[in-house]
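For reference, entry12.txt (compact mmCIF, C-alpha atoms and all ligand atoms):
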# COMPACT_ATOMS: atom_id res chain seq x y z
CA MET A 24 96.52 101.24 99.14
CA ALA A 25 98.25 103.12 101.95
CA GLU A 26 101.68 104.63 101.59
CA LEU A 27 104.84 102.53 101.58
CA GLU A 28 105.42 100.78 104.90
CA TYR A 29 108.87 99.56 105.85
CA THR A 30 108.21 96.11 107.24
CA ASN A 31 110.25 92.92 106.76
CA ALA A 32 111.30 92.61 103.12
CA ALA A 33 110.98 96.35 102.36
CA ALA A 34 113.08 97.23 105.43
CA ARG A 35 115.80 94.75 104.41
CA LYS A 36 115.74 95.98 100.82
CA LEU A 37 116.13 99.56 101.98
CA GLU A 38 118.97 98.54 104.31
CA ASP A 39 120.79 97.02 101.27
CA MET A 40 120.16 100.18 99.24
CA TYR A 41 121.57 102.30 102.05
CA ARG A 42 124.85 100.35 101.81
CA THR A 43 125.36 101.37 98.15
CA GLY A 44 127.95 104.00 97.22
CA ASP A 45 125.15 106.31 96.04
CA VAL A 46 123.50 106.47 99.44
CA ILE A 47 126.79 106.47 101.36
CA ALA A 48 127.72 109.60 99.38
CA GLN A 49 124.35 111.14 100.25
CA ARG A 50 125.05 110.56 103.95
CA VAL A 51 128.50 112.16 103.59
CA GLU A 52 126.77 115.27 102.20
CA THR A 53 124.11 115.15 104.94
CA ARG A 54 126.82 115.12 107.64
CA ARG A 55 128.82 117.84 105.87
CA LEU A 56 125.78 120.13 106.10
CA LEU A 57 124.65 119.13 109.59
CA LYS A 58 128.19 119.32 111.02
CA PRO A 59 127.70 117.23 114.15
CA CYS A 60 130.38 118.15 116.73
CA ALA A 61 131.92 116.41 119.73
CA GLY A 62 129.67 116.55 122.79
CA GLU A 63 126.46 117.45 120.92
CA THR A 64 123.05 115.88 121.44
CA VAL A 65 121.41 114.95 118.13
CA ILE A 66 118.08 113.38 117.17
CA ASP A 67 117.55 111.48 113.90
CA ILE A 68 113.81 111.63 113.21
CA GLY A 69 112.75 108.60 111.17
CA CYS A 70 116.17 106.99 111.49
CA GLY A 71 115.39 103.92 109.34
CA PRO A 72 118.22 101.35 109.39
CA GLY A 73 120.40 103.63 111.53
CA PHE A 74 123.50 104.11 109.36
CA LEU A 75 123.33 107.89 109.68
CA CYS A 76 122.87 107.64 113.47
CA GLU A 77 126.05 105.54 113.71
CA GLU A 78 128.02 108.06 111.66
CA ILE A 79 126.70 111.01 113.69
CA ALA A 80 127.49 109.11 116.90
CA ASP A 81 131.10 108.75 115.76
CA ALA A 82 131.22 112.54 115.29
CA VAL A 83 129.66 113.51 118.66
CA GLY A 84 131.70 110.88 120.52
CA THR A 85 131.24 109.55 124.03
CA SER A 86 130.62 113.04 125.45
CA GLY A 87 127.63 113.44 123.11
CA ARG A 88 124.38 111.58 122.61
CA VAL A 89 122.40 110.42 119.57
CA ILE A 90 118.78 109.27 119.60
CA GLY A 91 117.18 107.67 116.55
CA ILE A 92 113.40 107.41 116.48
CA ASP A 93 111.22 105.55 114.00
CA VAL A 94 107.75 103.99 113.75
CA SER A 95 109.06 100.84 112.06
CA GLN A 96 109.91 98.11 114.58
CA ASP A 97 111.69 96.23 111.78
CA PHE A 98 114.05 99.13 111.18
CA LEU A 99 114.56 99.65 114.91
CA SER A 100 115.48 95.98 115.31
CA LEU A 101 117.95 96.11 112.39
CA ALA A 102 119.56 99.29 113.77
CA THR A 103 119.66 98.05 117.37
CA SER A 104 121.24 94.73 116.35
CA ARG A 105 124.29 96.59 114.98
CA ASN A 106 124.56 99.11 117.82
CA HIS A 107 127.51 98.81 120.19
CA ARG A 108 127.70 102.44 121.33
CA SER A 109 126.30 103.36 124.77
CA PHE A 110 125.72 106.96 123.64
CA LEU A 111 123.51 105.93 120.70
CA GLU A 112 119.95 104.90 121.47
CA TYR A 113 117.03 103.81 119.27
CA ARG A 114 113.45 104.33 120.35
CA PHE A 115 110.02 103.77 118.88
CA GLY A 116 108.78 107.29 118.21
CA ASP A 117 106.48 109.29 115.95
CA ALA A 118 107.80 112.38 114.18
CA THR A 119 104.47 114.14 114.72
CA ALA A 120 104.63 113.71 118.53
CA ILE A 121 108.27 113.45 119.53
CA ASP A 122 108.60 112.03 123.03
CA ALA A 123 111.28 114.47 124.21
CA PRO A 124 111.23 117.67 126.28
CA ASP A 125 111.31 121.12 124.66
CA GLN A 126 114.79 122.40 123.72
CA SER A 127 116.53 119.08 124.38
CA PHE A 128 118.71 118.74 121.22
CA ASP A 129 121.55 120.73 119.65
CA ALA A 130 120.74 119.35 116.21
CA ALA A 131 118.14 117.28 114.37
CA VAL A 132 118.13 115.45 111.08
CA CYS A 133 115.05 114.28 109.22
CA ALA A 134 116.16 112.59 106.02
CA GLN A 135 113.51 111.43 103.55
CA VAL A 136 110.87 111.13 106.23
CA ALA A 137 108.71 114.28 106.23
CA GLU A 138 107.40 113.59 102.71
CA TYR A 139 105.95 110.29 103.97
CA ILE A 140 103.92 111.91 106.74
CA PRO A 141 100.53 113.49 105.86
CA ASP A 142 100.77 116.08 108.67
CA VAL A 143 104.16 117.32 107.53
CA ASP A 144 103.75 120.69 109.30
CA ARG A 145 103.45 118.88 112.61
CA VAL A 146 106.83 117.18 111.92
CA LEU A 147 108.39 120.61 111.42
CA THR A 148 106.86 122.18 114.55
CA GLU A 149 107.83 119.15 116.64
CA THR A 150 111.40 119.34 115.35
CA TYR A 151 111.46 123.05 116.16
CA ARG A 152 110.11 122.40 119.66
CA VAL A 153 112.77 119.83 120.63
CA LEU A 154 115.68 121.98 119.37
CA ARG A 155 117.44 124.33 121.75
CA PRO A 156 117.57 128.01 120.73
CA GLY A 157 120.52 128.29 118.37
CA GLY A 158 120.05 124.68 117.29
CA ARG A 159 119.81 123.50 113.68
CA ALA A 160 117.91 120.92 111.67
CA LEU A 161 118.68 119.32 108.34
CA PHE A 162 115.72 118.16 106.26
CA VAL A 163 116.39 115.98 103.22
CA ALA A 164 113.50 115.41 100.81
CA THR A 165 112.96 114.19 97.26
CA ASP A 166 110.94 115.94 94.58
CA TRP A 167 109.82 112.92 92.54
CA ASP A 168 109.36 115.15 89.47
CA THR A 169 113.18 115.24 89.30
CA LEU A 170 113.23 111.51 88.51
CA VAL A 171 114.55 110.75 85.02
CA TRP A 172 114.49 107.01 84.28
CA HIS A 173 115.07 106.27 80.63
CA SER A 174 112.92 103.71 78.84
CA ASP A 175 112.32 102.84 75.21
CA LYS A 176 108.69 102.40 76.30
CA PRO A 177 108.10 105.85 77.85
CA GLU A 178 104.31 105.39 78.18
CA ARG A 179 104.86 102.25 80.28
CA MET A 180 107.46 104.03 82.41
CA ASP A 181 105.03 106.94 82.95
CA VAL A 182 102.22 104.64 84.07
CA VAL A 183 104.49 102.79 86.52
CA LEU A 184 105.87 105.99 88.01
CA LYS A 185 102.41 107.54 88.26
CA SER A 186 101.30 104.55 90.32
CA TRP A 187 104.50 104.74 92.44
CA GLU A 188 103.69 108.37 93.31
CA ALA A 189 101.13 107.15 95.86
CA HIS A 190 103.97 105.64 97.92
CA CYS A 191 104.43 108.94 99.74
CA ALA A 192 102.11 111.66 101.03
CA HIS A 193 104.03 114.64 99.56
CA PRO A 194 105.91 113.61 96.38
CA ARG A 195 106.85 117.25 95.65
CA LEU A 196 107.58 118.47 99.18
CA PRO A 197 110.84 120.38 98.50
CA ARG A 198 109.18 123.15 96.47
CA LYS A 199 107.00 124.08 99.49
CA LEU A 200 109.42 123.10 102.26
CA GLY A 201 111.08 126.51 102.60
CA GLN A 202 107.82 128.31 103.33
CA ARG A 203 106.61 125.52 105.59
CA LEU A 204 109.86 125.71 107.61
CA LYS A 205 109.44 129.47 108.01
CA ARG A 206 105.85 128.99 109.19
CA ALA A 207 107.14 126.52 111.79
CA GLY A 208 109.48 129.22 113.15
CA PHE A 209 112.72 128.22 111.42
CA THR A 210 115.15 130.43 109.54
CA VAL A 211 116.29 128.69 106.37
CA ALA A 212 120.09 128.99 106.29
CA GLU A 213 120.99 126.98 103.19
CA VAL A 214 119.30 124.94 100.47
CA SER A 215 121.19 122.62 98.15
CA THR A 216 120.60 119.63 95.90
CA PHE A 217 122.21 116.24 95.91
CA PRO A 218 121.89 114.22 92.69
CA ILE A 219 122.09 110.47 92.30
CA VAL A 220 122.96 109.39 88.75
CA ASN A 221 123.30 105.78 87.59
CA LEU A 222 124.57 104.89 84.12
CA THR A 223 124.51 101.16 84.82
CA TRP A 224 122.21 98.77 86.60
CA SER A 225 123.75 96.62 89.31
CA THR A 226 123.25 95.64 92.93
CA SER A 227 125.73 98.36 93.87
CA THR A 228 123.45 101.11 92.54
CA TYR A 229 120.59 102.89 94.29
CA SER A 230 118.24 102.53 91.31
CA GLU A 231 118.46 98.73 91.23
CA GLY A 232 117.08 98.61 94.77
CA LEU A 233 114.52 101.30 94.00
CA ALA A 234 113.20 99.25 91.07
CA ASP A 235 112.36 96.37 93.43
CA LEU A 236 110.60 98.71 95.86
CA VAL A 237 108.66 100.28 92.96
CA ARG A 238 107.65 96.91 91.54
CA SER A 239 106.50 95.58 94.89
CA PHE A 240 104.55 98.73 95.81
CA VAL A 241 102.96 99.15 92.36
CA SER A 242 101.98 95.49 92.09
CA ALA A 243 100.06 95.83 95.38
CA GLN A 244 98.18 98.83 93.94
CA ASN A 245 96.50 96.45 91.44
CA GLU A 246 96.50 99.10 88.71
CA ILE A 247 99.03 97.53 86.34
CA PRO A 248 99.09 93.90 85.17
CA LEU A 249 101.94 91.94 86.76
CA ASP A 250 103.33 90.85 83.37
CA VAL A 251 103.62 94.52 82.34
CA LEU A 252 105.49 95.27 85.56
CA ALA A 253 107.82 92.32 84.96
CA LEU A 254 108.59 93.64 81.46
CA TRP A 255 109.20 97.12 82.91
CA ARG A 256 111.75 95.65 85.34
CA GLU A 257 113.38 93.44 82.64
CA GLU A 258 113.86 96.39 80.31
CA LEU A 259 116.03 98.19 82.85
CA GLU A 260 118.48 95.30 82.89
CA GLU A 261 118.43 95.07 79.08
CA LEU A 262 119.10 98.80 78.72
CA SER A 263 122.09 98.45 81.03
CA SER A 264 123.48 95.49 79.07
CA ALA A 265 123.15 97.54 75.88
CA GLY A 266 124.88 100.55 77.47
CA ASN A 267 121.69 102.65 77.34
CA TYR A 268 120.81 102.83 81.01
CA PHE A 269 120.12 106.22 82.60
CA PHE A 270 118.67 107.03 86.02
CA SER A 271 118.80 110.31 87.88
CA ILE A 272 117.05 111.84 90.89
CA CYS A 273 117.59 114.87 93.11
CA ARG A 274 117.45 115.19 96.86
CA PHE A 275 116.93 118.65 98.32
CA MET A 276 118.72 119.50 101.54
CA PHE A 277 117.36 122.30 103.73
CA LEU A 278 119.48 123.49 106.65
CA ALA A 279 117.17 125.34 109.03
CA CYS A 280 118.04 127.17 112.25
CA LYS A 281 116.13 127.97 115.42
CA LEU A 282 117.44 131.39 116.27
CA GLY A 283 118.70 131.84 119.84
C1 LIG B 1 112.89 106.51 103.31
S1 LIG B 1 113.12 106.02 104.97
C2 LIG B 1 114.45 107.09 105.49
C3 LIG B 1 115.30 106.50 106.60
C4 LIG B 1 116.45 107.36 107.10
N1 LIG B 1 116.04 108.65 107.55
C5 LIG B 1 117.55 107.54 106.08
O1 LIG B 1 117.50 108.46 105.26
O2 LIG B 1 118.46 106.72 106.10
C6 LIG B 1 111.71 106.73 105.76
C7 LIG B 1 111.65 106.41 107.24
O3 LIG B 1 110.66 107.21 107.88
C8 LIG B 1 110.04 106.40 108.86
N2 LIG B 1 108.77 107.02 109.24
C9 LIG B 1 107.63 107.12 108.49
N3 LIG B 1 106.68 107.76 109.18
C10 LIG B 1 107.22 108.10 110.39
C11 LIG B 1 106.73 108.79 111.53
N4 LIG B 1 105.47 109.26 111.59
N5 LIG B 1 107.55 108.96 112.57
C12 LIG B 1 108.83 108.48 112.55
N6 LIG B 1 109.33 107.80 111.48
C13 LIG B 1 108.55 107.62 110.42
C14 LIG B 1 109.93 105.05 108.18
O4 LIG B 1 109.66 104.01 109.07
C15 LIG B 1 111.31 104.96 107.55
O5 LIG B 1 112.26 104.45 108.44
Could you render the structure from this file as structure tokens?
Ligand SMILES: C[S@@+](CC[C@H](N)C(=O)[O-])C[C@H]1O[C@@H](n2cnc3c(N)ncnc32)[C@H](O)[C@@H]1O
Amino acid sequence: MAELEYTNAAARKLEDMYRTGDVIAQRVETRRLLKPCAGETVIDIGCGPGFLCEEIADAVGTSGRVIGIDVSQDFLSLATSRNHRSFLEYRFGDATAIDAPDQSFDAAVCAQVAEYIPDVDRVLTETYRVLRPGGRALFVATDWDTLVWHSDKPERMDVVLKSWEAHCAHPRLPRKLGQRLKRAGFTVAEVSTFPIVNLTWSTSTYSEGLADLVRSFVSAQNEIPLDVLALWREELEELSSAGNYFFSICRFMFLACKLG
């Protein structure tokens, strides 16, 4: 099966996950590194449900401009339905062929998008192209090998996560991202990690939402019997009730500059 597509239910599930404290904290860190300023023009490449665009728009203010692009009409509809700012705009747009002139943005953010796109180098060169000299880009990506999800049935957990790996084109992008950014022309200014750790399972945690996305993607792969997947999902809840739940994953944040 193809990689994960954010249509209908998956888009709504991700929107719910992006309202959890875990992901709100990730956006706080993203903005701290990107440092959007009043009057700046910023593009969010693969903007998803648009929460980050709204927050960046509040930072750049009415003298600035924010454009969010995405290939998912469902996400664009969700984001547009909440938008009340004239200086924030959502457009259908592909990260590998950004419909914007050269040097048109002060800053760009591409959060958990590049790893989903087979031609990741094209995403980087397109981002570089649309930035003005002196501009900066923040890339956020997950290395799925950093995922630690405790189970008393580790073989079952391994099989499920192996099947989930196909949900993105580059499940270990961060370890090669620095050299890819340099090849695209960028100077890498700063690299940091952002961990998400859950010790309980509840609707207010990132991992609860992730489990639903994993189950739905893996079940469509037809590699694992549905009853095994149901037991995998049930165990997570049981572990939490028993006080034995543990989930952890790392995002990698690369701040890259286009020298003036
Ligand atoms: C995991 S979501 C991240 C959403 C958002 N950046 C965030 O962190 O809140 C991945 C997003 O990338 C989008 N996407 C995937 N391929 C894309 C492409 N070629 N061009 C633009 N967006 C793309 C998906 O539709 C989805 O919205």
Can you write out as a Markdown table which residues of chain A fall within 9 Å of ligand LIG 1 (chain B), alongside each residue's closest atom pair and its distance in Å to one decimal, counting all atoms listed in the file and ordering rows by chain and ascending residue number?
| residue | atom | partner | partner_atom | distance |
| --- | --- | --- | --- | --- |
| A:Leu27 | CA | B:LIG1 | C14 | 8.7 |
| A:Glu28 | CA | B:LIG1 | O4 | 6.8 |
| A:Tyr29 | CA | B:LIG1 | O4 | 5.5 |
| A:Thr30 | CA | B:LIG1 | O4 | 8.2 |
| A:Ala34 | CA | B:LIG1 | O5 | 7.9 |
| A:Leu37 | CA | B:LIG1 | S1 | 7.7 |
| A:Glu38 | CA | B:LIG1 | O2 | 8.4 |
| A:Tyr41 | CA | B:LIG1 | O2 | 6.8 |
| A:Val46 | CA | B:LIG1 | O2 | 8.4 |
| A:Gln49 | CA | B:LIG1 | O1 | 8.9 |
| A:Arg50 | CA | B:LIG1 | O2 | 7.9 |
| A:Asp67 | CA | B:LIG1 | N1 | 7.1 |
| A:Ile68 | CA | B:LIG1 | C12 | 5.9 |
| A:Gly69 | CA | B:LIG1 | N6 | 3.5 |
| A:Cys70 | CA | B:LIG1 | N1 | 4.3 |
| A:Gly71 | CA | B:LIG1 | O5 | 3.3 |
| A:Pro72 | CA | B:LIG1 | O2 | 6.3 |
| A:Gly73 | CA | B:LIG1 | O2 | 6.5 |
| A:Phe74 | CA | B:LIG1 | O2 | 6.5 |
| A:Leu75 | CA | B:LIG1 | O2 | 6.2 |
| A:Cys76 | CA | B:LIG1 | O2 | 8.6 |
| A:Ile92 | CA | B:LIG1 | C12 | 6.1 |
| A:Asp93 | CA | B:LIG1 | N6 | 3.9 |
| A:Val94 | CA | B:LIG1 | N6 | 4.7 |
| A:Ser95 | CA | B:LIG1 | O4 | 4.4 |
| A:Gln96 | CA | B:LIG1 | O4 | 8.1 |
| A:Asp97 | CA | B:LIG1 | O4 | 8.5 |
| A:Phe98 | CA | B:LIG1 | O5 | 6.2 |
| A:Leu99 | CA | B:LIG1 | O5 | 8.4 |
| A:Phe115 | CA | B:LIG1 | C12 | 8.0 |
| A:Gly116 | CA | B:LIG1 | C12 | 5.8 |
| A:Asp117 | CA | B:LIG1 | N5 | 3.6 |
| A:Ala118 | CA | B:LIG1 | N5 | 3.8 |
| A:Thr119 | CA | B:LIG1 | N4 | 5.9 |
| A:Ala120 | CA | B:LIG1 | N5 | 8.2 |
| A:Ile121 | CA | B:LIG1 | N5 | 8.3 |
| A:Val132 | CA | B:LIG1 | N1 | 7.9 |
| A:Cys133 | CA | B:LIG1 | N1 | 6.0 |
| A:Ala134 | CA | B:LIG1 | N1 | 4.2 |
| A:Gln135 | CA | B:LIG1 | C2 | 4.8 |
| A:Val136 | CA | B:LIG1 | O3 | 4.3 |
| A:Ala137 | CA | B:LIG1 | N3 | 7.4 |
| A:Glu138 | CA | B:LIG1 | C6 | 8.7 |
| A:Tyr139 | CA | B:LIG1 | C9 | 5.8 |
| A:Ile140 | CA | B:LIG1 | N3 | 5.5 |
| A:Pro141 | CA | B:LIG1 | N4 | 8.7 |
| A:Asp142 | CA | B:LIG1 | N4 | 8.8 |
| A:Val146 | CA | B:LIG1 | N4 | 8.0 |
| A:Val163 | CA | B:LIG1 | O1 | 7.9 |
Limited to C-alpha atoms, could you put the picked residues into a file as a PDB file, in the frame of the given file?
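The resulting again25.pdb:
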ATOM      1  CA  LEU A  27     104.840 102.530 101.580  1.00  0.00           C
ATOM      2  CA  GLU A  28     105.420 100.780 104.900  1.00  0.00           C
ATOM      3  CA  TYR A  29     108.870  99.560 105.850  1.00  0.00           C
ATOM      4  CA  THR A  30     108.210  96.110 107.240  1.00  0.00           C
ATOM      5  CA  ALA A  34     113.080  97.230 105.430  1.00  0.00           C
ATOM      6  CA  LEU A  37     116.130  99.560 101.980  1.00  0.00           C
ATOM      7  CA  GLU A  38     118.970  98.540 104.310  1.00  0.00           C
ATOM      8  CA  TYR A  41     121.570 102.300 102.050  1.00  0.00           C
ATOM      9  CA  VAL A  46     123.500 106.470  99.440  1.00  0.00           C
ATOM     10  CA  GLN A  49     124.350 111.140 100.250  1.00  0.00           C
ATOM     11  CA  ARG A  50     125.050 110.560 103.950  1.00  0.00           C
ATOM     12  CA  ASP A  67     117.550 111.480 113.900  1.00  0.00           C
ATOM     13  CA  ILE A  68     113.810 111.630 113.210  1.00  0.00           C
ATOM     14  CA  GLY A  69     112.750 108.600 111.170  1.00  0.00           C
ATOM     15  CA  CYS A  70     116.170 106.990 111.490  1.00  0.00           C
ATOM     16  CA  GLY A  71     115.390 103.920 109.340  1.00  0.00           C
ATOM     17  CA  PRO A  72     118.220 101.350 109.390  1.00  0.00           C
ATOM     18  CA  GLY A  73     120.400 103.630 111.530  1.00  0.00           C
ATOM     19  CA  PHE A  74     123.500 104.110 109.360  1.00  0.00           C
ATOM     20  CA  LEU A  75     123.330 107.890 109.680  1.00  0.00           C
ATOM     21  CA  CYS A  76     122.870 107.640 113.470  1.00  0.00           C
ATOM     22  CA  ILE A  92     113.400 107.410 116.480  1.00  0.00           C
ATOM     23  CA  ASP A  93     111.220 105.550 114.000  1.00  0.00           C
ATOM     24  CA  VAL A  94     107.750 103.990 113.750  1.00  0.00           C
ATOM     25  CA  SER A  95     109.060 100.840 112.060  1.00  0.00           C
ATOM     26  CA  GLN A  96     109.910  98.110 114.580  1.00  0.00           C
ATOM     27  CA  ASP A  97     111.690  96.230 111.780  1.00  0.00           C
ATOM     28  CA  PHE A  98     114.050  99.130 111.180  1.00  0.00           C
ATOM     29  CA  LEU A  99     114.560  99.650 114.910  1.00  0.00           C
ATOM     30  CA  PHE A 115     110.020 103.770 118.880  1.00  0.00           C
ATOM     31  CA  GLY A 116     108.780 107.290 118.210  1.00  0.00           C
ATOM     32  CA  ASP A 117     106.480 109.290 115.950  1.00  0.00           C
ATOM     33  CA  ALA A 118     107.800 112.380 114.180  1.00  0.00           C
ATOM     34  CA  THR A 119     104.470 114.140 114.720  1.00  0.00           C
ATOM     35  CA  ALA A 120     104.630 113.710 118.530  1.00  0.00           C
ATOM     36  CA  ILE A 121     108.270 113.450 119.530  1.00  0.00           C
ATOM     37  CA  VAL A 132     118.130 115.450 111.080  1.00  0.00           C
ATOM     38  CA  CYS A 133     115.050 114.280 109.220  1.00  0.00           C
ATOM     39  CA  ALA A 134     116.160 112.590 106.020  1.00  0.00           C
ATOM     40  CA  GLN A 135     113.510 111.430 103.550  1.00  0.00           C
ATOM     41  CA  VAL A 136     110.870 111.130 106.230  1.00  0.00           C
ATOM     42  CA  ALA A 137     108.710 114.280 106.230  1.00  0.00           C
ATOM     43  CA  GLU A 138     107.400 113.590 102.710  1.00  0.00           C
ATOM     44  CA  TYR A 139     105.950 110.290 103.970  1.00  0.00           C
ATOM     45  CA  ILE A 140     103.920 111.910 106.740  1.00  0.00           C
ATOM     46  CA  PRO A 141     100.530 113.490 105.860  1.00  0.00           C
ATOM     47  CA  ASP A 142     100.770 116.080 108.670  1.00  0.00           C
ATOM     48  CA  VAL A 146     106.830 117.180 111.920  1.00  0.00           C
ATOM     49  CA  VAL A 163     116.390 115.980 103.220  1.00  0.00           C
TER      50      VAL A 163
END
Contacts of A:Asp166 at 9 Å or less, counting only C-alpha atoms, minus same-chain residues fewer than 4 places along, as a PyMOL selection string?
chain A and resi 170+193-198+272-275
Print the selection's residues with C-alpha atoms to a file, as a PDB file, in the frame of the given file.
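Result file is out_26.pdb:
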ATOM      1  CA  LEU A 170     113.230 111.510  88.510  1.00  0.00           C
ATOM      2  CA  HIS A 193     104.030 114.640  99.560  1.00  0.00           C
ATOM      3  CA  PRO A 194     105.910 113.610  96.380  1.00  0.00           C
ATOM      4  CA  ARG A 195     106.850 117.250  95.650  1.00  0.00           C
ATOM      5  CA  LEU A 196     107.580 118.470  99.180  1.00  0.00           C
ATOM      6  CA  PRO A 197     110.840 120.380  98.500  1.00  0.00           C
ATOM      7  CA  ARG A 198     109.180 123.150  96.470  1.00  0.00           C
ATOM      8  CA  ILE A 272     117.050 111.840  90.890  1.00  0.00           C
ATOM      9  CA  CYS A 273     117.590 114.870  93.110  1.00  0.00           C
ATOM     10  CA  ARG A 274     117.450 115.190  96.860  1.00  0.00           C
ATOM     11  CA  PHE A 275     116.930 118.650  98.320  1.00  0.00           C
TER      12      PHE A 275
END
Residue contacts of A:Ser263 (12 Å, all atoms listed in the file) excluding same-chain residues fewer than 6 positions away, as a list in words:
Trp172, His173, Ser174, Asn221, Leu222, Thr223, Trp224, Ser225, Thr228, Ser230, Glu231, Arg256, Glu257, Phe269 and Phe270 of chain A
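Between atom CA of A:Val220 and atom CA of A:His190 the separation is 21.4 Å.
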What gap, in Å, lies between atom CA of A:Arg179 and atom CA of A:Arg35?
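These two atoms are separated by 27.5 Å.
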Need to verify the contact set: A:Leu254, 12 Å, only C-alpha atoms, exclusion of same-chain residues closer than 2 positions in sequence. Can you return it as a PyMOL selection string?
chain A and resi 174-176+179-180+183+238+247-252+256-261
Determine the nearest neighbour of A:Asp168 from the options A:Ile90, A:Val237, A:Ser271, A:Leu101, counting all atoms listed in the file.
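Among A:Ile90, A:Val237, A:Ser271, A:Leu101, it is A:Ser271 that comes nearest to A:Asp168.
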Quick one: distance from atom CA of A:Lys205 to atom CA of A:Phe128 in Å, one decimal?
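Spanning atom CA of A:Lys205 to atom CA of A:Phe128 is a straight-line distance of 19.4 Å.
Closest approach to A:Val171 among A:Gln244, A:Leu147, A:Tyr268, A:Glu188: A:Tyr268, based on all atoms listed in the file.
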Return the single residue from A:Val89, A:Ala279, A:Met40, A:Ala32 that is closest to A:Gly158, with distances computed using all atoms listed in the file.
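That would be A:Ala279, the residue with the smallest distance to A:Gly158.
With all atoms listed in the file as the basis for measurement, A:Glu246 is the residue among A:Asp129, A:Glu213, A:Glu63, A:Glu246 that approaches A:Ser186 most closely.
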So which one's closest to A:Phe277, A:Arg203, A:Arg108, A:Arg114, A:Arg152? Using all atoms listed in the file, please.
A:Arg203
Pick out the closest residue to A:Arg206 from this set: A:Cys60, A:Val143, A:Ala123, A:Leu278. Count all atoms listed in the file.
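Under the stated criterion, the closest residue is A:Val143.
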List the neighbours of A:Ser127 out to 6 Å using all atoms listed in the file; skip same-chain residues closer than 3 positions along the sequence, and give me the result as JSON, numbers by chain.
{"A": [124, 153, 154, 155]}
Rebuild N, CA and C atoms on stretch 147-161 of chain A, as a CSV table (one decimal), in the coordinates of the input?
chain,number,residue,atom,x,y,z
A,147,LEU,N,107.5,119.4,111.4
A,147,LEU,CA,108.4,120.6,111.4
A,147,LEU,C,108.3,121.3,112.8
A,148,THR,N,107.0,121.5,113.3
A,148,THR,CA,106.9,122.2,114.6
A,148,THR,C,107.4,121.3,115.7
A,149,GLU,N,107.3,120.0,115.6
A,149,GLU,CA,107.8,119.2,116.6
A,149,GLU,C,109.4,119.2,116.6
A,150,THR,N,109.9,119.2,115.4
A,150,THR,CA,111.4,119.3,115.4
A,150,THR,C,111.9,120.7,116.0
A,151,TYR,N,111.1,121.7,115.6
A,151,TYR,CA,111.5,123.0,116.2
A,151,TYR,C,111.4,123.0,117.7
A,152,ARG,N,110.3,122.4,118.2
A,152,ARG,CA,110.1,122.4,119.7
A,152,ARG,C,111.3,121.7,120.4
A,153,VAL,N,111.8,120.6,119.9
A,153,VAL,CA,112.8,119.8,120.6
A,153,VAL,C,114.2,120.4,120.5
A,154,LEU,N,114.3,121.4,119.5
A,154,LEU,CA,115.7,122.0,119.4
A,154,LEU,C,115.9,123.1,120.4
A,155,ARG,N,117.1,123.2,120.9
A,155,ARG,CA,117.4,124.3,121.8
A,155,ARG,C,117.6,125.6,120.9
A,156,PRO,N,117.3,126.8,121.5
A,156,PRO,CA,117.6,128.0,120.7
A,156,PRO,C,119.0,128.0,120.2
A,157,GLY,N,119.2,128.4,119.0
A,157,GLY,CA,120.5,128.3,118.4
A,157,GLY,C,120.8,126.9,117.7
A,158,GLY,N,119.9,126.0,117.9
A,158,GLY,CA,120.0,124.7,117.3
A,158,GLY,C,119.7,124.7,115.8
A,159,ARG,N,120.0,123.6,115.1
A,159,ARG,CA,119.8,123.5,113.7
A,159,ARG,C,119.2,122.1,113.3
A,160,ALA,N,118.5,122.2,112.2
A,160,ALA,CA,117.9,120.9,111.7
A,160,ALA,C,118.2,120.8,110.2
A,161,LEU,N,118.5,119.6,109.8
A,161,LEU,CA,118.7,119.3,108.3
A,161,LEU,C,117.5,118.4,107.9
